[in-house]
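Here the structure comes first, spelled out in structure tokens, and everything after it is commentary.
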Amino acid sequence: METHACNCCGIVLPVSDFYLKGYNKEGKPLYNWRCKPCRTADYAKYNEARKAKSPGTRMKLKKPKEFTDADEERLFSAKRGAVSMRISAELANEACPQLAPKNRPIGVAESIYKQFGMKWSYL
């Protein structure tokens, strides 16, 4: 069984306790200079120091919108196919607010057509 000495703690351990780094030109395996427990401890220490240095920089998750009974009924009726055009438009606007007519500036479609060199008509 092959052994390797850890440069961090100095203990001689089997190579299964070291991460494989790669192979040299002759095809002999090269192992990391630290054993797995030393490397794990170093990474844990490093990450704790990073967290302590910059607290509160992680993104906070948004709370999901709570559905009411009326919302559930509208969704279920939409799935059954018994939905009016008004309700389906409301559902689409809730799913993607950018599609709502109030968020569309006037003349956007015309400017897009002109940008691509196409002819615009109001038909």
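Ligands are numbered from 1 in the order shown, chains are lettered A, B, ... in the order of the structure tokens, and residues start at 1 in each chain.
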With only C-alpha atoms as the counted atoms, please give the residues lying no more than 10 Å from A:Glu2, apart from itself and same-chain residues fewer than 6 positions off, as a PyMOL selection string.
chain A and resi 13-16
Between atom CA of A:Cys6 and atom CA of A:Arg34, what is the distance in Å, rounded to a tenth?
5.1 Å
Just to confirm, what's the straight-line distance from atom CA of A:Arg50 to atom CA of A:Gly10 in Å (one decimal)?
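Atom CA of A:Gly10 lies at a distance of 27.0 Å from atom CA of A:Arg50.
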What is the distance between atom CA of A:Glu48 and atom CA of A:Val12, in Å to one decimal?
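Going from atom CA of A:Glu48 over to atom CA of A:Val12, I get 28.1 Å.
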